[in-house]
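Asker: File final.tsv follows (TSV, C-alpha atoms):
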```
chain	number	residue	atom	x	y	z
A	1	MET	CA	8.48	-41.52	34.41
A	2	ARG	CA	10.42	-41.44	31.15
A	3	GLN	CA	11.86	-38.07	32.14
A	4	ASN	CA	12.99	-39.47	35.55
A	5	ALA	CA	14.58	-42.50	33.94
A	6	LEU	CA	16.40	-40.29	31.43
A	7	VAL	CA	17.77	-38.06	34.15
A	8	ARG	CA	18.81	-41.10	36.21
A	9	TRP	CA	20.83	-42.49	33.32
A	10	LEU	CA	22.45	-39.09	32.79
A	11	VAL	CA	23.21	-38.50	36.46
A	12	LEU	CA	24.39	-42.03	37.37
A	13	PRO	CA	27.57	-42.05	35.23
A	14	LEU	CA	28.44	-38.57	36.47
A	15	LEU	CA	27.99	-39.65	40.10
A	16	LEU	CA	30.13	-42.76	39.57
A	17	VAL	CA	32.86	-40.65	38.01
A	18	VAL	CA	32.80	-38.32	41.00
A	19	LEU	CA	32.93	-41.25	43.42
A	20	GLY	CA	35.73	-42.81	41.42
A	21	CYS	CA	37.72	-39.61	41.54
A	22	SER	CA	37.24	-39.46	45.30
A	23	LEU	CA	38.53	-43.05	45.60
A	24	SER	CA	41.58	-42.56	43.42
A	25	THR	CA	42.65	-39.36	45.13
A	26	ALA	CA	42.23	-40.58	48.74
A	27	PRO	CA	45.43	-40.06	50.83
A	28	GLN	CA	47.62	-43.18	51.20
A	29	GLN	CA	49.03	-42.27	54.62
A	30	PRO	CA	47.08	-41.82	57.88
A	31	GLN	CA	46.33	-38.17	58.67
A	32	GLU	CA	45.97	-36.43	61.98
A	33	ILE	CA	42.38	-35.64	62.77
A	34	PRO	CA	41.80	-32.18	64.29
A	35	ALA	CA	40.77	-32.28	67.90
A	36	ALA	CA	37.52	-30.59	67.19
A	37	THR	CA	36.48	-33.41	64.88
A	38	ALA	CA	38.24	-36.31	66.52
A	39	ASP	CA	34.98	-37.82	67.72
A	40	ALA	CA	33.01	-37.08	64.52
A	41	THR	CA	31.72	-40.01	62.54
A	42	GLU	CA	33.83	-40.54	59.45
A	43	PRO	CA	31.76	-40.66	56.26
A	44	ALA	CA	31.69	-43.93	54.45
A	45	SER	CA	34.10	-44.34	51.56
A	46	PRO	CA	32.69	-45.27	48.12
A	47	ALA	CA	33.96	-48.77	48.59
A	48	GLN	CA	31.79	-49.13	51.68
A	49	LEU	CA	28.51	-48.07	49.98
A	50	SER	CA	25.97	-50.73	49.16
A	51	ALA	CA	24.05	-50.88	45.94
A	52	GLU	CA	20.93	-49.64	47.75
A	53	GLU	CA	22.83	-46.62	49.15
A	54	ILE	CA	24.23	-45.75	45.73
A	55	GLU	CA	20.74	-45.94	44.26
A	56	ALA	CA	19.47	-43.65	47.02
A	57	LEU	CA	22.18	-41.12	46.17
A	58	VAL	CA	21.24	-41.29	42.49
A	59	ASP	CA	17.55	-40.79	43.33
A	60	ALA	CA	18.42	-37.72	45.42
A	61	ALA	CA	20.51	-36.27	42.59
A	62	VAL	CA	17.71	-36.92	40.08
A	63	ALA	CA	15.19	-35.18	42.35
A	64	GLU	CA	17.46	-32.16	42.71
A	65	GLN	CA	17.99	-31.98	38.95
A	66	LEU	CA	14.24	-32.12	38.26
A	67	ALA	CA	13.59	-29.42	40.86
A	68	GLN	CA	16.24	-27.21	39.25
A	69	THR	CA	14.66	-27.74	35.82
A	70	GLU	CA	11.26	-26.65	37.11
A	71	ARG	CA	12.79	-23.48	38.63
A	72	THR	CA	14.50	-22.53	35.32
A	73	PRO	CA	12.28	-20.40	32.95
A	74	VAL	CA	11.38	-22.08	29.67
A	75	ALA	CA	13.39	-20.40	26.89
A	76	TYR	CA	10.53	-20.42	24.36
A	77	ALA	CA	7.88	-18.92	26.67
A	78	PRO	CA	6.17	-15.98	24.88
A	79	GLY	CA	6.87	-12.52	26.27
A	80	PRO	CA	4.36	-9.72	26.81
A	81	VAL	CA	2.91	-7.84	23.80
A	82	ILE	CA	4.70	-4.50	23.54
A	83	ALA	CA	2.84	-1.63	21.84
A	84	THR	CA	4.96	0.56	19.55
A	85	ASP	CA	4.98	4.34	19.75
A	86	LEU	CA	3.40	4.51	16.28
A	87	GLU	CA	0.58	2.19	17.29
A	88	GLU	CA	-0.18	4.28	20.37
A	89	THR	CA	-0.06	7.47	18.27
A	90	LEU	CA	-2.50	6.07	15.71
A	91	THR	CA	-5.01	4.72	18.20
A	92	SER	CA	-4.96	8.00	20.12
A	93	LEU	CA	-5.29	10.04	16.92
A	94	TYR	CA	-8.29	8.00	15.78
A	95	ALA	CA	-10.00	8.36	19.15
A	96	ARG	CA	-9.64	12.15	18.94
A	97	ALA	CA	-10.32	12.73	15.25
A	98	ASN	CA	-12.97	10.20	14.22
A	99	PRO	CA	-15.85	11.82	16.15
A	100	ALA	CA	-15.37	14.94	13.97
A	101	VAL	CA	-15.46	12.97	10.69
A	102	VAL	CA	-18.92	12.59	9.18
A	103	TYR	CA	-20.69	10.51	6.56
A	104	ILE	CA	-22.64	12.60	4.04
A	105	ILE	CA	-25.63	11.19	2.18
A	106	VAL	CA	-26.70	13.32	-0.78
A	107	GLY	CA	-30.35	13.21	-1.80
A	108	SER	CA	-31.98	14.21	-5.06
A	109	GLY	CA	-35.74	14.26	-5.19
A	110	GLY	CA	-36.12	11.81	-2.33
A	111	VAL	CA	-33.58	9.39	-3.76
A	112	SER	CA	-29.99	9.01	-2.59
A	113	SER	CA	-27.74	10.19	-5.42
A	114	GLY	CA	-24.37	9.79	-3.77
A	115	SER	CA	-22.35	9.89	-0.60
A	116	GLY	CA	-19.02	11.03	0.73
A	117	SER	CA	-17.14	12.22	3.77
A	118	GLY	CA	-16.54	15.50	5.55
A	119	PHE	CA	-15.20	16.90	8.79
A	120	VAL	CA	-16.36	19.40	11.39
A	121	TYR	CA	-14.69	22.76	10.78
A	122	THR	CA	-16.31	25.07	13.37
A	123	ARG	CA	-18.26	24.74	16.62
A	124	GLU	CA	-21.13	26.49	14.84
A	125	GLY	CA	-21.70	23.34	12.79
A	126	HIS	CA	-19.81	24.06	9.56
A	127	ILE	CA	-18.62	20.92	7.79
A	128	VAL	CA	-15.99	20.86	5.02
A	129	THR	CA	-16.32	18.42	2.13
A	130	ASN	CA	-15.73	18.28	-1.63
A	131	ASN	CA	-17.62	20.27	-4.22
A	132	HIS	CA	-18.10	17.10	-6.28
A	133	VAL	CA	-19.71	15.36	-3.28
A	134	VAL	CA	-22.52	17.94	-3.01
A	135	THR	CA	-22.95	18.77	-6.71
A	136	GLY	CA	-26.48	18.03	-7.91
A	137	GLY	CA	-27.80	17.42	-4.42
A	138	ARG	CA	-31.11	18.74	-3.12
A	139	SER	CA	-30.75	17.49	0.44
A	140	TYR	CA	-27.83	16.53	2.64
A	141	GLU	CA	-27.97	14.12	5.55
A	142	VAL	CA	-25.00	14.08	7.94
A	143	VAL	CA	-24.28	10.95	10.00
A	144	PHE	CA	-21.95	11.34	12.98
A	145	SER	CA	-19.75	8.60	14.42
A	146	ASN	CA	-22.16	8.06	17.34
A	147	GLY	CA	-24.95	7.29	14.88
A	148	GLU	CA	-26.74	10.60	15.29
A	149	ARG	CA	-28.20	11.98	12.04
A	150	MET	CA	-28.89	15.59	11.08
A	151	LEU	CA	-30.02	17.46	7.99
A	152	ALA	CA	-27.56	20.02	6.65
A	153	THR	CA	-27.78	23.01	4.35
A	154	LEU	CA	-25.28	23.94	1.63
A	155	VAL	CA	-23.46	27.15	2.59
A	156	GLY	CA	-21.12	27.50	-0.37
A	157	ALA	CA	-19.10	25.57	-2.96
A	158	ASP	CA	-16.09	26.20	-5.17
A	159	PRO	CA	-15.50	24.03	-8.26
A	160	ASP	CA	-11.95	25.30	-8.81
A	161	SER	CA	-10.65	24.04	-5.45
A	162	ASP	CA	-13.25	21.24	-5.22
A	163	LEU	CA	-14.24	22.46	-1.74
A	164	ALA	CA	-17.71	22.93	-0.26
A	165	VAL	CA	-19.20	23.78	3.14
A	166	LEU	CA	-22.34	22.32	4.73
A	167	LYS	CA	-23.89	23.39	8.03
A	168	VAL	CA	-25.92	21.58	10.68
A	169	GLU	CA	-27.95	23.42	13.31
A	170	ALA	CA	-25.92	22.09	16.23
A	171	LEU	CA	-23.17	19.56	16.84
A	172	PRO	CA	-23.69	16.47	18.98
A	173	GLU	CA	-22.34	16.89	22.49
A	174	GLY	CA	-18.61	16.42	22.90
A	175	ILE	CA	-17.59	16.84	19.26
A	176	GLU	CA	-14.75	19.28	18.62
A	177	PRO	CA	-13.69	20.66	15.20
A	178	LEU	CA	-10.52	19.35	13.63
A	179	ALA	CA	-7.61	21.80	13.55
A	180	VAL	CA	-6.36	22.79	10.09
A	181	ALA	CA	-2.55	22.86	9.84
A	182	GLN	CA	-1.21	26.40	9.73
A	183	SER	CA	2.11	25.36	8.21
A	184	ASP	CA	2.58	24.02	4.70
A	185	ALA	CA	6.00	22.56	5.48
A	186	LEU	CA	5.23	19.01	4.38
A	187	GLU	CA	7.84	16.45	3.35
A	188	VAL	CA	7.72	13.45	1.08
A	189	GLY	CA	7.87	10.36	3.29
A	190	GLN	CA	5.92	11.98	6.13
A	191	PHE	CA	3.26	9.73	7.70
A	192	VAL	CA	-0.36	10.73	7.05
A	193	VAL	CA	-3.73	9.21	7.94
A	194	ALA	CA	-6.99	9.27	5.98
A	195	ILE	CA	-10.30	8.90	7.81
A	196	GLY	CA	-13.56	8.59	5.92
A	197	ASN	CA	-16.28	6.30	4.64
A	198	PRO	CA	-14.98	4.26	1.69
A	199	PHE	CA	-17.80	2.29	0.03
A	200	GLY	CA	-20.02	3.47	2.91
A	201	GLU	CA	-17.87	1.77	5.56
A	202	GLN	CA	-18.09	4.51	8.17
A	203	GLY	CA	-15.16	5.57	10.31
A	204	SER	CA	-12.47	3.77	8.29
A	205	MET	CA	-8.85	4.81	8.83
A	206	SER	CA	-5.93	4.13	6.52
A	207	LEU	CA	-2.23	4.90	6.96
A	208	GLY	CA	0.32	5.97	4.38
A	209	ILE	CA	2.91	8.57	3.52
A	210	ILE	CA	3.09	11.72	1.48
A	211	SER	CA	4.21	10.36	-1.88
A	212	GLY	CA	4.60	13.65	-3.71
A	213	LEU	CA	4.06	17.41	-3.49
A	214	GLY	CA	3.25	20.14	-5.97
A	215	ARG	CA	0.72	18.12	-7.97
A	216	SER	CA	-2.31	19.75	-9.59
A	217	LEU	CA	-6.01	18.92	-10.01
A	218	GLN	CA	-8.13	20.19	-12.86
A	219	SER	CA	-11.03	22.43	-11.92
A	220	GLN	CA	-14.45	20.79	-11.59
A	221	ARG	CA	-15.89	23.33	-14.02
A	222	GLY	CA	-13.58	22.24	-16.84
A	223	THR	CA	-12.94	24.56	-19.74
A	224	THR	CA	-13.78	28.25	-19.38
A	225	THR	CA	-15.21	30.56	-22.01
A	226	GLY	CA	-11.71	31.98	-22.58
A	227	GLY	CA	-10.46	28.58	-23.74
A	228	SER	CA	-8.10	27.94	-20.83
A	229	THR	CA	-8.42	25.23	-18.18
A	230	TYR	CA	-8.01	26.14	-14.51
A	231	SER	CA	-6.25	23.83	-12.10
A	232	LEU	CA	-5.52	23.84	-8.38
A	233	PRO	CA	-1.79	23.82	-7.52
A	234	GLU	CA	0.17	22.43	-4.54
A	235	VAL	CA	-1.98	19.30	-4.37
A	236	ILE	CA	-0.71	16.50	-2.09
A	237	GLN	CA	-0.14	13.00	-3.45
A	238	THR	CA	-0.45	10.16	-0.94
A	239	ASP	CA	-0.40	6.36	-0.93
A	240	ALA	CA	-2.78	6.21	2.05
A	241	PRO	CA	-5.59	4.11	0.54
A	242	ILE	CA	-8.38	6.40	-0.73
A	243	ASN	CA	-11.49	4.88	-2.31
A	244	PRO	CA	-14.94	6.07	-3.43
A	245	GLY	CA	-16.60	7.47	-0.31
A	246	ASN	CA	-13.37	8.89	1.10
A	247	SER	CA	-13.93	12.11	-0.87
A	248	GLY	CA	-14.23	15.11	1.42
A	249	GLY	CA	-12.63	13.39	4.40
A	250	PRO	CA	-9.51	14.72	6.11
A	251	LEU	CA	-5.90	13.80	5.49
A	252	LEU	CA	-4.20	14.19	8.88
A	253	ASN	CA	-0.64	14.40	10.12
A	254	LEU	CA	0.28	12.42	13.23
A	255	ASN	CA	-0.52	15.48	15.38
A	256	GLY	CA	-4.13	15.16	14.25
A	257	GLU	CA	-4.03	18.35	12.13
A	258	VAL	CA	-5.78	18.47	8.75
A	259	VAL	CA	-3.12	18.82	6.05
A	260	GLY	CA	-5.49	18.08	3.19
A	261	VAL	CA	-8.98	17.12	2.02
A	262	ASN	CA	-9.06	13.83	0.14
A	263	ALA	CA	-10.45	14.47	-3.30
A	264	ALA	CA	-9.39	12.08	-6.05
A	265	ILE	CA	-7.51	8.96	-7.05
A	266	ALA	CA	-5.62	7.96	-10.17
A	267	SER	CA	-7.03	4.56	-11.06
A	268	THR	CA	-8.06	2.44	-14.01
A	269	THR	CA	-10.37	0.33	-11.86
A	270	GLY	CA	-12.14	2.96	-9.77
A	271	THR	CA	-10.47	1.77	-6.57
A	272	SER	CA	-7.25	2.73	-4.83
A	273	SER	CA	-4.07	2.11	-6.76
A	274	GLY	CA	-1.82	3.83	-4.23
A	275	VAL	CA	-2.05	7.22	-5.94
A	276	GLY	CA	-4.46	9.54	-4.16
A	277	PHE	CA	-4.72	13.33	-4.15
A	278	SER	CA	-5.65	15.74	-1.38
A	279	ILE	CA	-6.47	19.44	-1.55
A	280	PRO	CA	-3.79	21.25	0.51
A	281	ALA	CA	-4.43	23.02	3.81
A	282	ALA	CA	-3.43	26.30	2.12
A	283	ALA	CA	-6.57	26.08	-0.02
A	284	ILE	CA	-8.73	25.25	3.00
A	285	ARG	CA	-7.44	28.27	4.92
A	286	ARG	CA	-7.94	30.57	1.95
A	287	VAL	CA	-11.18	29.35	0.37
A	288	VAL	CA	-13.36	27.98	3.20
A	289	PRO	CA	-13.72	31.24	5.20
A	290	SER	CA	-15.03	32.96	2.04
A	291	LEU	CA	-17.45	30.12	1.38
A	292	ILE	CA	-18.80	30.55	4.91
A	293	SER	CA	-19.10	34.34	4.71
A	294	ASP	CA	-20.01	34.86	1.03
A	295	GLY	CA	-20.98	31.44	-0.33
A	296	ARG	CA	-18.24	31.71	-2.97
A	297	TYR	CA	-14.55	32.43	-3.44
A	298	THR	CA	-13.14	34.90	-5.95
A	299	TYR	CA	-9.82	34.03	-7.59
A	300	PRO	CA	-7.47	36.61	-9.10
A	301	TYR	CA	-7.34	36.63	-12.89
A	302	MET	CA	-4.66	37.59	-15.42
A	303	GLY	CA	-6.50	36.78	-18.65
A	304	VAL	CA	-3.48	34.92	-20.00
A	305	SER	CA	-2.86	31.35	-21.18
A	306	PHE	CA	0.50	29.68	-20.65
A	307	ASP	CA	2.48	26.67	-21.75
A	308	GLY	CA	2.14	24.34	-18.79
A	309	GLU	CA	5.67	22.95	-19.00
A	310	ILE	CA	8.43	24.05	-21.39
A	311	THR	CA	10.37	21.11	-22.78
A	312	LEU	CA	13.80	21.38	-24.41
A	313	GLU	CA	12.16	20.81	-27.79
A	314	GLU	CA	9.64	23.60	-27.13
A	315	GLN	CA	12.44	25.90	-26.01
A	316	ASP	CA	13.94	25.51	-29.47
A	317	ILE	CA	10.57	26.00	-31.17
A	318	TYR	CA	9.80	29.14	-29.14
A	319	GLY	CA	13.33	30.49	-29.51
A	320	LEU	CA	13.73	31.02	-25.76
A	321	PRO	CA	17.05	31.56	-23.97
A	322	GLN	CA	15.92	29.34	-21.04
A	323	ILE	CA	13.17	26.96	-19.95
A	324	GLN	CA	12.70	28.57	-16.53
A	325	GLY	CA	9.57	30.72	-16.54
A	326	ALA	CA	5.92	30.80	-17.68
A	327	TYR	CA	5.56	31.30	-21.43
A	328	VAL	CA	2.65	33.43	-22.64
A	329	VAL	CA	0.75	31.53	-25.35
A	330	SER	CA	-2.33	33.76	-25.64
A	331	VAL	CA	-3.76	36.93	-24.09
A	332	THR	CA	-7.50	37.57	-23.65
A	333	SER	CA	-8.52	40.78	-25.38
A	334	GLY	CA	-9.43	43.49	-22.87
A	335	GLY	CA	-8.23	41.37	-19.92
A	336	PRO	CA	-5.74	42.39	-17.21
A	337	GLY	CA	-2.80	40.90	-19.12
A	338	ALA	CA	-3.69	42.74	-22.33
A	339	LEU	CA	-4.14	46.03	-20.46
A	340	ALA	CA	-0.73	45.56	-18.82
A	341	GLY	CA	0.91	45.06	-22.21
A	342	LEU	CA	1.79	41.35	-22.12
A	343	ILE	CA	2.64	39.92	-25.53
A	344	ALA	CA	1.46	36.49	-26.66
A	345	ALA	CA	3.32	34.08	-28.92
A	346	ASP	CA	2.66	34.16	-32.66
A	347	PRO	CA	0.04	31.42	-33.23
A	348	SER	CA	1.72	30.43	-36.48
A	349	THR	CA	5.32	30.08	-35.29
A	350	GLY	CA	4.98	29.87	-31.49
A	351	ARG	CA	7.64	32.57	-31.17
A	352	GLY	CA	7.69	36.10	-29.84
A	353	GLY	CA	5.76	35.62	-26.59
A	354	ASP	CA	6.77	37.02	-23.19
A	355	LEU	CA	8.45	34.66	-20.72
A	356	ILE	CA	7.37	35.62	-17.18
A	357	ILE	CA	10.28	35.08	-14.78
A	358	ALA	CA	9.08	36.91	-11.63
A	359	LEU	CA	5.91	38.23	-9.96
A	360	ASP	CA	6.42	40.84	-7.24
A	361	GLU	CA	10.11	39.80	-7.10
A	362	ARG	CA	9.18	36.15	-6.49
A	363	PRO	CA	11.02	33.91	-8.99
A	364	ILE	CA	8.75	32.07	-11.44
A	365	ASN	CA	10.47	28.94	-12.76
A	366	SER	CA	7.37	27.31	-14.23
A	367	PHE	CA	3.66	27.78	-14.75
A	368	ALA	CA	3.14	25.83	-11.49
A	369	ASP	CA	4.96	28.59	-9.61
A	370	LEU	CA	2.80	31.27	-11.26
A	371	ASN	CA	-0.40	29.35	-10.55
A	372	SER	CA	0.59	28.84	-6.90
A	373	PHE	CA	1.27	32.57	-6.49
A	374	LEU	CA	-2.10	33.52	-7.94
A	375	SER	CA	-4.03	30.87	-6.00
A	376	PHE	CA	-2.53	31.34	-2.54
A	377	GLN	CA	-0.74	34.72	-2.37
A	378	ALA	CA	-2.54	37.17	-4.64
A	379	SER	CA	-6.04	38.70	-4.61
A	380	ALA	CA	-8.42	40.18	-7.14
A	381	GLY	CA	-7.83	43.92	-7.46
A	382	GLN	CA	-4.19	43.67	-6.39
A	383	THR	CA	-1.55	45.32	-8.59
A	384	ILE	CA	1.57	43.24	-9.12
A	385	ALA	CA	4.92	43.70	-10.85
A	386	VAL	CA	5.41	41.27	-13.73
A	387	LYS	CA	8.99	40.76	-14.90
A	388	VAL	CA	9.36	39.21	-18.37
A	389	LEU	CA	12.06	38.24	-20.83
A	390	ARG	CA	11.21	39.85	-24.18
A	391	GLY	CA	13.49	39.70	-27.20
A	392	GLY	CA	16.62	39.31	-25.11
A	393	GLU	CA	15.67	42.13	-22.74
A	394	THR	CA	14.13	42.20	-19.26
A	395	VAL	CA	10.95	44.24	-18.99
A	396	THR	CA	8.82	44.90	-15.88
A	397	LEU	CA	5.09	45.56	-16.32
A	398	SER	CA	2.42	46.67	-13.85
A	399	LEU	CA	-0.66	44.44	-13.89
A	400	THR	CA	-3.86	44.83	-11.87
A	401	LEU	CA	-5.48	41.46	-11.29
A	402	GLY	CA	-9.13	41.03	-12.16
A	403	GLU	CA	-11.72	38.47	-10.96
A	404	ARG	CA	-11.71	35.03	-12.48
A	405	PRO	CA	-14.87	34.75	-14.59
```
How would this structure read if it were set down as structure tokens?

Answerer:
Amino acid sequence: MRQNALVRWLVLPLLLVVLGCSLSTAPQQPQEIPAATADATEPASPAQLSAEEIEALVDAAVAEQLAQTERTPVAYAPGPVIATDLEETLTSLYARANPAVVYIIVGSGGVSSGSGSGFVYTREGHIVTNNHVVTGGRSYEVVFSNGERMLATLVGADPDSDLAVLKVEALPEGIEPLAVAQSDALEVGQFVVAIGNPFGEQGSMSLGIISGLGRSLQSQRGTTTGGSTYSLPEVIQTDAPINPGNSGGPLLNLNGEVVGVNAAIASTTGTSSGVGFSIPAAAIRRVVPSLISDGRYTYPYMGVSFDGEITLEEQDIYGLPQIQGAYVVSVTSGGPGALAGLIAADPSTGRGGDLIIALDERPINSFADLNSFLSFQASAGQTIAVKVLRGGETVTLSLTLGERP
């Protein structure tokens, strides 16, 4: 009723103005009426309308205005929910990938000693996870996304890459292995997804980006008898939340391909701080097949220790003409490097060591480059050409790689 009264008061002045305009503009002289309308009833002039007739006209105008208002869509009506392309990609990816991601419960003498994640690698039941997930275990229980549980056996493990392989007798029906990316062409800023079991919460997915490339992770075995520490190169840094329990689970690109195996976080609290690390697909492709066939992986070995990163101050201390290269700090007696004739720095002064600048014509700008070449491109028993800067001269040596002890 209040709405009708409001409209009436708005429409009434307008109608009176219109009627007034009609009255003021009426012709002053008689006009000829066309023959066709000579007998038509002339409409009443405004002056002839009674108060009741004017009110009827106002009521009709009000009714028409209200009807028009009801036909007009309300401006603030909510529209339909529109799914983004990214949302559709993520939901589809999860539906395809999650069935192949497993929860691993590690037992030790009848007591659970830890847990982690893994993913199906082959149709024969091989499952990839981390070495540190299975270390110390006596039994391994695998829980699939459909709730089915199976016992698994340990096929092989590698502490240097922190990779391990378990095997179940048969996969549940309908589960397909995840594809490992065959290209290492990753970019910082690229979207990635982690699926795993953080804190035992099975089938959890988190989204992030690749935050950095070319990182390294120290070997799980720590310091070797030769005094040097091995590390895995080309490790992926991501801000996709990774927490305890995610270890061993896949890091996926938006095509659903495994680009890494989630392995570690940098944290002072033990939970995600936005800095997680994943073992690269290059290591999966190289190490896992050997773990399946031989139970172990053999790395090439030079028997040489290097300065990890040459600073400008160290360049001056070492007396080097450049910082690009891998500087030889020590050489293991009787090792491949010693047999090839590599010279180590004087332990007293730090000077006089060889600076490796190329391996098989591949430029070596840092120890990271050398480590990447040995880890992903070279093999034990292979003979390589080692180009060094020595006393202002360039020397090329022939070195036959041994097996990492």

Asker: In terms of the shortest atom-to-atom distance over only C-alpha atoms, which of A:Ile323, A:Met302, A:Leu207, A:Leu312 is closest to A:Thr400?

Answerer: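 Of all the options, A:Met302 lies closest to A:Thr400.
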
Asker: Determine, using only C-alpha atoms, which residues of stretch 137-242 of chain A have any atom at most 8 Å from an atom of stretch 254-274 of chain A, and tabulate each with its shortest atom pair and distance in Å to one decimal place, rows ordered by chain and then rising number, as a tab-separated table.

Answerer:
```
residue	atom	partner	partner_atom	distance
A:Asp162	CA	A:Ala263	CA	7.6
A:Leu178	CA	A:Glu257	CA	6.7
A:Ala179	CA	A:Glu257	CA	5.2
A:Val180	CA	A:Val258	CA	4.6
A:Ala181	CA	A:Glu257	CA	5.3
A:Asp184	CA	A:Val259	CA	7.8
A:Phe191	CA	A:Leu254	CA	6.8
A:Val192	CA	A:Leu254	CA	6.4
A:Val193	CA	A:Leu254	CA	7.4
A:Ala194	CA	A:Asn262	CA	7.7
A:Ile236	CA	A:Gly260	CA	7.3
A:Thr238	CA	A:Gly274	CA	7.3
A:Asp239	CA	A:Gly274	CA	4.4
A:Ala240	CA	A:Gly274	CA	6.8
A:Pro241	CA	A:Ser272	CA	5.8
A:Ile242	CA	A:Ser272	CA	5.6
```

Asker: Can you pull out the residues contacting stretch 327-336 of chain A? Cut-off 10 Å, using all atoms listed in the file, and skip same-chain residues under 3 positions away; I want them as a PyMOL selection string.

Answerer: chain A and resi 226-228+301-310+315+318+320+323-324+339-347+350-357+366-367+388-389+398-403

Asker: Quote the spacing between atom CA of A:Val168 and atom CA of A:Gly147 in Å to one decimal place.

Answerer: 14.9 Å

Asker: From the list A:Gly110, A:Val275, A:Ala326, A:Ser183, which residue is nearest A:Ile209 when using all atoms listed in the file?

Answerer: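 Selected residue with least distance to A:Ile209: A:Val275.
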
Asker: May I ask for the distance between atom CA of A:Asn197 and atom CA of A:Val106, given in Å to one decimal place?

Answerer: 13.7 Å

Asker: Just the residues within 12 Å of A:Leu213, please, counting only C-alpha atoms, with nothing from its chain fewer than 5 positions along; format it as a JSON list (two decimals) with C-alpha atoms, keeping the file's coordinate frame.

Answerer:
```json
[["chain", "number", "residue", "atom", "x", "y", "z"],
["A", 184, "ASP", "CA", 2.58, 24.02, 4.70],
["A", 185, "ALA", "CA", 6.00, 22.56, 5.48],
["A", 186, "LEU", "CA", 5.23, 19.01, 4.38],
["A", 187, "GLU", "CA", 7.84, 16.45, 3.35],
["A", 188, "VAL", "CA", 7.72, 13.45, 1.08],
["A", 189, "GLY", "CA", 7.87, 10.36, 3.29],
["A", 190, "GLN", "CA", 5.92, 11.98, 6.13],
["A", 233, "PRO", "CA", -1.79, 23.82, -7.52],
["A", 234, "GLU", "CA", 0.17, 22.43, -4.54],
["A", 235, "VAL", "CA", -1.98, 19.30, -4.37],
["A", 236, "ILE", "CA", -0.71, 16.50, -2.09],
["A", 237, "GLN", "CA", -0.14, 13.00, -3.45],
["A", 238, "THR", "CA", -0.45, 10.16, -0.94],
["A", 260, "GLY", "CA", -5.49, 18.08, 3.19],
["A", 276, "GLY", "CA", -4.46, 9.54, -4.16],
["A", 277, "PHE", "CA", -4.72, 13.33, -4.15],
["A", 278, "SER", "CA", -5.65, 15.74, -1.38],
["A", 279, "ILE", "CA", -6.47, 19.44, -1.55],
["A", 280, "PRO", "CA", -3.79, 21.25, 0.51],
["A", 368, "ALA", "CA", 3.14, 25.83, -11.49]]
```

Asker: Mind giving me the straight-line distance from atom CA of A:Asp85 to atom CA of A:Pro177 in Å, one decimal?

Answerer: 25.2 Å

Asker: Choose the residue, out of A:Ser112, A:Thr89, A:Gln202, A:Ser247, that has the smallest atom-to-atom separation from A:Asn146; count all atoms listed in the file.

Answerer: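 Nearest candidate to A:Asn146 out of A:Ser112, A:Thr89, A:Gln202, A:Ser247: A:Gln202.
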